[in-house]
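With compact mmCIF, C-alpha atoms inside, this is input00.txt:
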```
# COMPACT_ATOMS: atom_id res chain seq x y z
CA MET A 145 -12.42 -1.80 9.63
CA SER A 146 -10.91 -3.83 6.82
CA ARG A 147 -7.22 -4.28 6.17
CA LEU A 148 -7.63 -2.00 3.16
CA ASP A 149 -9.07 0.72 5.40
CA SER A 150 -6.34 0.39 8.01
CA PHE A 151 -3.60 0.32 5.36
CA ILE A 152 -4.89 3.57 3.84
CA ARG A 153 -5.03 5.13 7.31
CA ARG A 154 -1.46 4.04 7.99
CA LEU A 155 -0.13 5.49 4.72
CA GLU A 156 -1.98 8.76 5.27
CA ALA A 157 -0.54 8.97 8.78
CA GLN A 158 2.94 8.30 7.42
CA ARG A 159 2.61 11.02 4.81
CA ALA A 160 1.25 13.55 7.30
CA CYS A 161 4.00 12.82 9.84
CA LEU A 162 6.78 13.02 7.25
CA GLY A 163 5.46 16.35 6.02
CA HIS A 164 5.24 17.63 9.58
CA ALA A 165 8.76 16.43 10.39
CA ALA A 166 10.18 18.06 7.26
CA ALA A 167 8.65 21.35 8.40
CA LEU A 168 10.07 20.90 11.91
CA VAL A 169 13.66 20.51 10.61
CA ARG A 170 13.40 23.28 8.03
CA ASP A 171 16.05 25.39 9.82
CA LEU A 172 18.20 22.48 10.96
CA ASP A 173 21.14 21.36 8.85
CA GLY A 174 21.66 17.67 8.43
CA ALA A 175 21.07 14.51 6.44
CA VAL A 176 17.97 12.35 6.19
CA LEU A 177 18.02 8.66 7.07
CA GLU A 178 15.40 6.24 5.76
CA LEU A 179 15.56 2.97 7.70
CA GLY A 180 14.43 0.51 5.04
CA LEU A 181 13.90 1.12 1.35
CA GLY A 182 11.24 -1.50 0.57
CA ASN A 183 9.49 -0.61 -2.68
CA GLY A 184 10.92 2.93 -2.50
CA ARG A 185 7.64 4.83 -2.11
CA THR A 186 8.63 6.60 1.10
CA TYR A 187 12.12 7.31 -0.21
CA ASP A 188 10.54 8.88 -3.29
CA HIS A 189 8.31 10.97 -1.05
CA LEU A 190 11.26 12.14 1.02
CA ARG A 191 13.09 13.15 -2.18
CA GLU A 192 10.17 15.42 -2.96
CA LEU A 193 9.84 16.76 0.59
CA VAL A 194 13.51 17.56 1.16
CA PRO A 195 15.18 17.67 -2.27
CA ALA A 196 18.21 19.60 -1.06
CA ARG A 197 19.19 17.07 1.61
CA ASP A 198 21.42 14.03 1.41
CA ILE A 199 19.09 11.08 1.93
CA TYR A 200 20.76 7.90 3.16
CA VAL A 201 18.81 4.66 2.92
CA CYS A 202 19.32 1.37 4.74
CA GLU A 203 18.36 -1.81 2.93
CA ARG A 204 19.34 -5.45 3.12
CA HIS A 205 18.46 -6.38 -0.46
CA VAL A 206 17.36 -3.69 -2.89
CA ALA A 207 14.05 -4.63 -4.53
CA ALA A 208 12.56 -1.18 -5.14
CA HIS A 209 11.11 0.29 -8.30
CA PRO A 210 14.08 1.20 -10.56
CA ASP A 211 13.17 4.90 -10.32
CA CYS A 212 13.37 4.75 -6.52
CA ILE A 213 16.84 3.35 -5.92
CA PRO A 214 19.26 5.70 -4.15
CA PRO A 215 22.72 6.35 -5.61
CA ASP A 216 25.33 3.83 -4.41
CA ASP A 217 27.00 6.35 -2.12
CA ARG A 218 23.72 6.98 -0.30
CA LEU A 219 22.86 3.32 0.24
CA LEU A 220 23.74 1.54 3.48
CA LEU A 221 23.55 -1.97 2.08
CA GLY A 222 23.23 -4.86 4.51
CA ASP A 223 21.69 -5.69 7.88
CA MET A 224 20.91 -2.47 9.79
CA PHE A 225 22.41 -4.01 12.91
CA ASP A 226 25.72 -4.01 11.04
CA THR A 227 25.42 -0.93 8.82
CA LEU A 228 24.13 1.58 11.39
CA PRO A 229 27.01 1.11 13.87
CA ALA A 230 29.43 1.28 10.92
CA ALA A 231 27.96 4.56 9.62
CA THR A 232 30.23 6.69 11.80
CA PHE A 233 30.29 9.43 9.15
CA LEU A 234 26.60 10.04 10.02
CA ALA A 235 27.13 10.29 13.80
CA GLY A 236 25.28 13.36 15.08
CA ARG A 237 24.56 14.47 11.53
CA VAL A 238 21.01 13.20 10.88
CA ALA A 239 18.30 15.88 11.06
CA LEU A 240 15.43 13.57 10.12
CA ALA A 241 15.17 9.80 10.43
CA HIS A 242 12.21 7.63 9.48
CA PHE A 243 11.49 4.08 10.52
CA ASP A 244 8.62 1.87 9.40
CA ALA A 245 9.18 -1.81 9.99
CA GLY A 246 6.51 -2.40 7.40
CA THR A 247 5.52 -5.93 8.31
CA GLY A 248 2.15 -7.08 9.60
CA ASP A 249 3.76 -8.74 12.63
CA GLU A 250 3.33 -6.21 15.43
CA ALA A 251 5.42 -8.11 17.99
CA ALA A 252 8.32 -8.46 15.55
CA ASN A 253 7.99 -4.77 14.62
CA ARG A 254 8.21 -3.73 18.28
CA ASP A 255 11.26 -5.94 18.88
CA LEU A 256 12.98 -4.52 15.81
CA ALA A 257 12.23 -0.95 16.91
CA ALA A 258 13.61 -1.65 20.39
CA GLY A 259 16.75 -3.18 18.92
CA LEU A 260 17.37 -0.37 16.44
CA ARG A 261 16.67 2.48 18.85
CA PRO A 262 20.16 2.53 20.46
CA LEU A 263 21.72 2.37 16.98
CA ILE A 264 19.67 5.28 15.62
CA LEU A 265 20.14 7.63 18.59
CA PRO A 266 23.88 8.34 18.08
CA LEU A 267 23.23 9.33 14.47
CA LEU A 268 20.57 11.96 15.30
CA ARG A 269 21.83 15.47 15.81
CA PRO A 270 20.48 17.45 18.77
CA GLY A 271 17.08 18.77 17.72
CA GLY A 272 16.83 16.12 15.01
CA ILE A 273 13.47 14.45 14.45
CA LEU A 274 12.72 10.73 14.50
CA VAL A 275 9.50 9.68 12.75
CA THR A 276 8.55 6.10 13.46
CA GLN A 277 5.64 3.74 13.12
CA GLN A 278 6.75 1.98 16.31
CA ALA A 279 7.13 3.70 19.67
CA MET A 280 10.75 4.48 20.65
CA GLU A 281 10.36 6.29 23.99
CA GLY A 282 13.40 7.02 26.12
CA PRO A 283 15.22 9.74 28.07
CA GLU A 284 17.15 11.03 25.03
CA LEU A 285 13.98 11.72 23.07
CA GLU A 286 11.20 14.23 23.59
CA ALA A 287 7.86 12.89 22.39
CA LEU A 288 6.18 15.43 20.10
CA PRO A 289 2.47 15.69 19.29
CA ASN A 290 1.35 14.21 15.98
CA PRO A 291 -0.08 16.47 13.31
CA GLU A 292 -3.79 16.98 13.91
CA VAL A 293 -4.99 14.44 11.37
CA VAL A 294 -2.98 11.59 12.93
CA PRO A 295 -4.39 10.00 16.11
CA HIS A 296 -2.08 9.35 19.04
CA ALA A 297 -0.14 6.05 18.78
CA ARG A 298 -0.74 5.57 15.07
CA TYR A 299 2.65 7.12 14.31
CA TYR A 300 5.29 8.65 16.59
CA LEU A 301 7.40 11.81 16.42
CA TYR A 302 10.39 12.44 18.67
CA ARG A 303 12.97 15.19 18.98
CA ARG A 304 16.55 14.31 20.00
CA LEU A 305 17.42 16.18 23.18
CA PRO A 306 20.80 17.96 23.35
CA MET B 277 3.51 13.77 -7.00
CA SER B 278 5.51 11.09 -5.22
CA ARG B 279 4.92 7.36 -5.50
CA LEU B 280 3.55 7.47 -1.96
CA ASP B 281 1.01 10.10 -3.02
CA SER B 282 -0.05 8.19 -6.11
CA PHE B 283 -0.28 4.91 -4.21
CA ILE B 284 -2.60 6.48 -1.62
CA ARG B 285 -4.72 7.95 -4.42
CA ARG B 286 -4.94 4.54 -6.10
CA LEU B 287 -6.02 2.78 -2.89
CA GLU B 288 -8.60 5.46 -2.13
CA ALA B 289 -9.97 5.13 -5.67
CA GLN B 290 -10.13 1.36 -5.29
CA ARG B 291 -12.02 1.62 -2.02
CA ALA B 292 -14.48 4.18 -3.38
CA CYS B 293 -15.16 2.14 -6.53
CA LEU B 294 -15.67 -1.10 -4.62
CA GLY B 295 -18.12 0.62 -2.27
CA HIS B 296 -19.98 2.11 -5.21
CA ALA B 297 -20.08 -1.24 -7.03
CA ALA B 298 -21.39 -3.02 -3.94
CA ALA B 299 -24.22 -0.47 -3.79
CA LEU B 300 -24.96 -0.94 -7.50
CA VAL B 301 -25.43 -4.72 -7.12
CA ARG B 302 -27.41 -4.52 -3.89
CA ASP B 303 -30.54 -5.97 -5.52
CA LEU B 304 -28.74 -8.37 -7.84
CA ASP B 305 -28.16 -11.98 -6.77
CA GLY B 306 -24.78 -13.47 -7.51
CA ALA B 307 -21.28 -14.24 -6.39
CA VAL B 308 -18.27 -11.96 -6.10
CA LEU B 309 -15.03 -12.66 -7.94
CA GLU B 310 -11.71 -11.18 -6.85
CA LEU B 311 -9.11 -11.60 -9.59
CA GLY B 312 -5.93 -11.88 -7.56
CA LEU B 313 -5.58 -12.26 -3.79
CA GLY B 314 -2.18 -10.64 -3.24
CA ASN B 315 -1.79 -9.71 0.39
CA GLY B 316 -5.55 -10.11 0.91
CA ARG B 317 -6.40 -6.49 1.74
CA THR B 318 -9.01 -6.08 -0.98
CA TYR B 319 -10.47 -9.51 -0.27
CA ASP B 320 -10.80 -8.50 3.37
CA HIS B 321 -12.53 -5.30 2.30
CA LEU B 322 -14.95 -7.20 0.07
CA ARG B 323 -15.80 -9.53 2.97
CA GLU B 324 -16.84 -6.47 4.94
CA LEU B 325 -18.72 -4.86 2.05
CA VAL B 326 -20.72 -7.92 0.97
CA PRO B 327 -20.62 -10.37 3.88
CA ALA B 328 -23.59 -12.39 2.65
CA ARG B 329 -22.10 -13.19 -0.76
CA ASP B 330 -19.90 -16.07 -1.86
CA ILE B 331 -16.54 -14.48 -2.67
CA TYR B 332 -14.36 -16.48 -5.04
CA VAL B 333 -10.71 -15.52 -5.32
CA CYS B 334 -8.17 -16.30 -8.04
CA GLU B 335 -4.55 -16.69 -7.02
CA ARG B 336 -1.52 -18.43 -8.39
CA HIS B 337 0.38 -18.82 -5.10
CA VAL B 338 -1.31 -17.81 -1.86
CA ALA B 339 0.92 -15.41 0.11
CA ALA B 340 -1.71 -13.35 1.92
CA HIS B 341 -1.98 -12.51 5.61
CA PRO B 342 -3.27 -15.68 7.37
CA ASP B 343 -6.48 -13.85 8.36
CA CYS B 344 -7.18 -13.03 4.70
CA ILE B 345 -7.07 -16.44 3.03
CA PRO B 346 -10.34 -17.62 1.52
CA PRO B 347 -11.71 -21.08 2.35
CA ASP B 348 -10.43 -23.80 0.01
CA ASP B 349 -13.74 -24.11 -1.80
CA ARG B 350 -13.70 -20.39 -2.67
CA LEU B 351 -10.14 -20.35 -3.99
CA LEU B 352 -9.42 -20.71 -7.71
CA LEU B 353 -5.82 -21.77 -7.32
CA GLY B 354 -3.53 -21.53 -10.34
CA ASP B 355 -2.99 -19.37 -13.41
CA MET B 356 -6.14 -17.33 -14.16
CA PHE B 357 -5.79 -18.24 -17.83
CA ASP B 358 -6.43 -21.84 -16.74
CA THR B 359 -8.73 -21.40 -13.75
CA LEU B 360 -11.22 -18.89 -15.21
CA PRO B 361 -12.16 -21.00 -18.26
CA ALA B 362 -12.46 -24.02 -15.95
CA ALA B 363 -14.79 -22.20 -13.52
CA THR B 364 -17.92 -23.22 -15.45
CA PHE B 365 -19.93 -23.31 -12.19
CA LEU B 366 -19.55 -19.50 -12.12
CA ALA B 367 -20.72 -18.89 -15.69
CA GLY B 368 -23.26 -16.06 -15.69
CA ARG B 369 -23.34 -16.10 -11.87
CA VAL B 370 -20.95 -13.28 -10.90
CA ALA B 371 -22.65 -10.07 -9.77
CA LEU B 372 -19.44 -8.22 -8.94
CA ALA B 373 -15.91 -8.82 -10.22
CA HIS B 374 -12.80 -6.86 -9.30
CA PHE B 375 -9.47 -6.77 -11.11
CA ASP B 376 -6.32 -4.96 -10.07
CA ALA B 377 -3.18 -6.21 -11.77
CA GLY B 378 -1.31 -4.59 -8.95
CA THR B 379 2.10 -4.29 -10.56
CA GLY B 380 3.94 -1.10 -11.40
CA ASP B 381 4.37 -2.16 -15.03
CA GLU B 382 1.57 -0.37 -16.88
CA ALA B 383 2.17 -2.08 -20.22
CA ALA B 384 2.10 -5.52 -18.64
CA ASN B 385 -1.04 -4.56 -16.67
CA ARG B 386 -2.82 -3.52 -19.87
CA ASP B 387 -1.83 -6.73 -21.65
CA LEU B 388 -3.04 -8.81 -18.74
CA ALA B 389 -6.35 -6.93 -18.65
CA ALA B 390 -6.83 -7.44 -22.40
CA GLY B 391 -6.06 -11.14 -22.07
CA LEU B 392 -8.37 -11.69 -19.10
CA ARG B 393 -11.29 -9.68 -20.44
CA PRO B 394 -12.73 -12.48 -22.65
CA LEU B 395 -12.36 -14.92 -19.75
CA ILE B 396 -14.15 -12.69 -17.25
CA LEU B 397 -17.09 -11.73 -19.50
CA PRO B 398 -18.80 -15.16 -19.59
CA LEU B 399 -18.77 -15.30 -15.79
CA LEU B 400 -20.56 -11.97 -15.30
CA ARG B 401 -24.32 -12.15 -15.07
CA PRO B 402 -26.35 -9.58 -17.04
CA GLY B 403 -26.32 -6.39 -14.99
CA GLY B 404 -23.23 -7.56 -13.12
CA ILE B 405 -20.53 -5.00 -12.38
CA LEU B 406 -16.85 -5.19 -13.27
CA VAL B 407 -14.54 -2.94 -11.27
CA THR B 408 -11.06 -2.74 -12.73
CA GLN B 409 -7.91 -0.71 -12.45
CA GLN B 410 -7.26 -1.28 -16.15
CA ALA B 411 -9.66 -0.30 -18.91
CA MET B 412 -11.71 -3.21 -20.36
CA GLU B 413 -13.95 -1.48 -22.94
CA GLY B 414 -16.01 -3.55 -25.36
CA PRO B 415 -19.50 -4.04 -26.81
CA GLU B 416 -20.65 -6.35 -24.00
CA LEU B 417 -19.91 -3.77 -21.32
CA GLU B 418 -21.52 -0.42 -20.54
CA ALA B 419 -19.00 2.03 -19.08
CA LEU B 420 -20.37 3.58 -15.89
CA PRO B 421 -19.32 6.87 -14.31
CA ASN B 422 -16.93 6.64 -11.38
CA PRO B 423 -18.02 7.77 -7.96
CA GLU B 424 -17.51 11.52 -7.60
CA VAL B 425 -14.25 11.31 -5.67
CA VAL B 426 -12.53 9.18 -8.35
CA PRO B 427 -11.27 10.96 -11.48
CA HIS B 428 -11.98 9.47 -14.89
CA ALA B 429 -9.46 6.79 -15.95
CA ARG B 430 -8.06 6.21 -12.48
CA TYR B 431 -10.38 3.23 -12.04
CA TYR B 432 -13.08 1.78 -14.29
CA LEU B 433 -16.62 0.54 -13.69
CA TYR B 434 -18.59 -1.47 -16.24
CA ARG B 435 -22.01 -3.11 -16.31
CA ARG B 436 -22.49 -6.37 -18.24
CA LEU B 437 -25.15 -5.84 -20.89
CA PRO B 438 -27.89 -8.50 -21.28
```
I need this file expressed as structure tokens, please.
Amino acid sequence: MSRLDSFIRRLEAQRACLGHAAALVRDLDGAVLELGLGNGRTYDHLRELVPARDIYVCERHVAAHPDCIPPDDRLLLGDMFDTLPAATFLAGRVALAHFDAGTGDEAANRDLAAGLRPLILPLLRPGGILVTQQAMEGPELEALPNPEVVPHARYYLYRRLP
Amino acid sequence: MSRLDSFIRRLEAQRACLGHAAALVRDLDGAVLELGLGNGRTYDHLRELVPARDIYVCERHVAAHPDCIPPDDRLLLGDMFDTLPAATFLAGRVALAHFDAGTGDEAANRDLAAGLRPLILPLLRPGGILVTQQAMEGPELEALPNPEVVPHARYYLYRRLP
């Protein structure tokens, strides 16, 4: 399998999991948190999936397509290890969070996911869904099955326990 | 349609067109020319599709995944407007060329395609196939139908006339 093949598979998994997560939180009030803006493709997709929600986006340096830049008051600008603990206004208010480290370095991605996990958890409301490309197991999170088209361990879905 | 949706569509079109082009040149000797390395995903895919061919790759500054960097003697390093005219050893020897400007700026992509077209043509052998994300019509090229899964004008396939 070429890198083009695996990249397409990863994007399709991401799209399927985000759609599934949006359906899971349909009856759950709360904000959306995108952990990393990047080029803005996933943010743009979330805007389409959940247009009525406040979507907050973490980013160190904004370099997205001009059409895909969140309004200033929805942008958590800076290092996530600083901005997430400071985002107390989001504590227990996030219904859907998405994390995709987005680099090709799997070891670095895993370390980043492990480091961010304790910072994301306090923001999720009970019943809130975490969609992540890296595993984030733990006692506060119930692992959910992926949508049918996404093989196990390609993407991860968790529900925040009460 | 979100930017995530359209990006997935574009990558799927690229993969389908490259596979189709590789089948079209199966009985045609010649090298492969990738116009732009980028992150190396398409180059990696071409290596899988046509492993027995010499694959030459144009790139200004190599920034691909370390596994996806061509050997030095297959890399045309520098501005394509300099390196393509200088690649006289490839004149009339390319059986399959692929161009994807790869930026989100459609006007700039079209200009780049128009500028590169006269530099690519002399390298293509008669019967050689040009796969391109930007249209490159002209009297030297026969427009070919896309594979069934790729709508008209999403990607382009041409055959070099004798």
For chain A, list the residues within 8 Å of chain B, counting only C-alpha atoms, and write the list as a list in words.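 Going by the stated atoms only, the list reads Met145, Ser146, Arg147, Leu148, Asp149, Ile152, Leu155, Glu156, Arg159, Arg185, Thr186, Asp188, His189, Glu192, His209 and Gly248 of chain A.
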Write out as a VMD selection string each polymer residue whose atoms come within 10 Å of Tyr299 of chain A, counting all atoms listed in the file; drop sequence neighbours fewer than 6 positions from it. chain A and resid 154 157 to 158 160 to 161 244 275 to 279 289 to 291
Counting all atoms listed in the file, find residues at most 6 Å from (-28.4, -6.1, -18.0) (file frame) and give them as a ChimeraX atom specification. /B:402-403,436-438
At a cut-off of 10 Å, using only C-alpha atoms, what residues contact Asp173 of chain A? Leave out same-chain residues fewer than 3 positions from it and give the result as a list in words. Val169, Arg170, Val176, Arg197, Arg237, Val238, Ala239, Leu240, Arg269 and Gly272 of chain A
Point-to-point distance in Å for atom CA of Ala367 of chain B and atom CA of Leu420 of chain B: 22.5 Å
Restricting the calculation to all atoms listed in the file: of A:Leu267, A:Pro262, A:Asp255, A:Ile273, which residue gets closest to Tyr200 of chain A?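 Using all atoms listed in the file, the shortest distance to Tyr200 of chain A belongs to A:Leu267.
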Could I see segment 360-378 of chain B restored to N, CA and C atoms, set down as a short mmCIF file (atom, residue, chain, number, x, y, z; two decimals), in the coordinates of the input?
```cif
data_model
loop_
_atom_site.label_atom_id
_atom_site.label_comp_id
_atom_site.auth_asym_id
_atom_site.auth_seq_id
_atom_site.Cartn_x
_atom_site.Cartn_y
_atom_site.Cartn_z
N LEU B 360 -9.96 -19.57 -14.84
CA LEU B 360 -11.22 -18.89 -15.21
C LEU B 360 -12.02 -19.69 -16.24
N PRO B 361 -11.38 -20.19 -17.32
CA PRO B 361 -12.16 -21.00 -18.26
C PRO B 361 -12.72 -22.28 -17.61
N ALA B 362 -12.01 -22.78 -16.60
CA ALA B 362 -12.46 -24.02 -15.95
C ALA B 362 -13.58 -23.78 -14.94
N ALA B 363 -13.81 -22.50 -14.57
CA ALA B 363 -14.79 -22.20 -13.52
C ALA B 363 -16.19 -22.13 -14.11
N THR B 364 -16.63 -23.22 -14.75
CA THR B 364 -17.92 -23.22 -15.45
C THR B 364 -19.08 -23.05 -14.46
N PHE B 365 -18.87 -23.46 -13.21
CA PHE B 365 -19.93 -23.31 -12.19
C PHE B 365 -20.23 -21.83 -11.91
N LEU B 366 -19.33 -20.93 -12.33
CA LEU B 366 -19.55 -19.50 -12.12
C LEU B 366 -20.13 -18.79 -13.36
N ALA B 367 -20.29 -19.52 -14.44
CA ALA B 367 -20.72 -18.89 -15.69
C ALA B 367 -22.04 -18.16 -15.51
N GLY B 368 -22.05 -16.87 -15.80
CA GLY B 368 -23.26 -16.06 -15.69
C GLY B 368 -23.75 -15.87 -14.26
N ARG B 369 -22.91 -16.15 -13.28
CA ARG B 369 -23.34 -16.10 -11.87
C ARG B 369 -22.66 -15.01 -11.05
N VAL B 370 -21.71 -14.27 -11.67
CA VAL B 370 -20.95 -13.28 -10.90
C VAL B 370 -21.63 -11.91 -10.97
N ALA B 371 -21.99 -11.39 -9.83
CA ALA B 371 -22.65 -10.07 -9.77
C ALA B 371 -21.62 -8.95 -9.68
N LEU B 372 -20.46 -9.25 -9.14
CA LEU B 372 -19.44 -8.22 -8.94
C LEU B 372 -18.07 -8.86 -9.09
N ALA B 373 -17.28 -8.34 -10.04
CA ALA B 373 -15.91 -8.82 -10.22
C ALA B 373 -14.96 -7.64 -10.07
N HIS B 374 -13.79 -7.91 -9.50
CA HIS B 374 -12.80 -6.86 -9.30
C HIS B 374 -11.44 -7.33 -9.80
N PHE B 375 -10.81 -6.46 -10.60
CA PHE B 375 -9.47 -6.77 -11.11
C PHE B 375 -8.53 -5.61 -10.86
N ASP B 376 -7.40 -5.93 -10.26
CA ASP B 376 -6.32 -4.96 -10.07
C ASP B 376 -5.03 -5.72 -10.30
N ALA B 377 -4.39 -5.46 -11.43
CA ALA B 377 -3.18 -6.21 -11.77
C ALA B 377 -2.12 -6.01 -10.69
N GLY B 378 -2.11 -4.81 -10.15
CA GLY B 378 -1.31 -4.59 -8.95
C GLY B 378 0.19 -4.55 -9.14
#
```
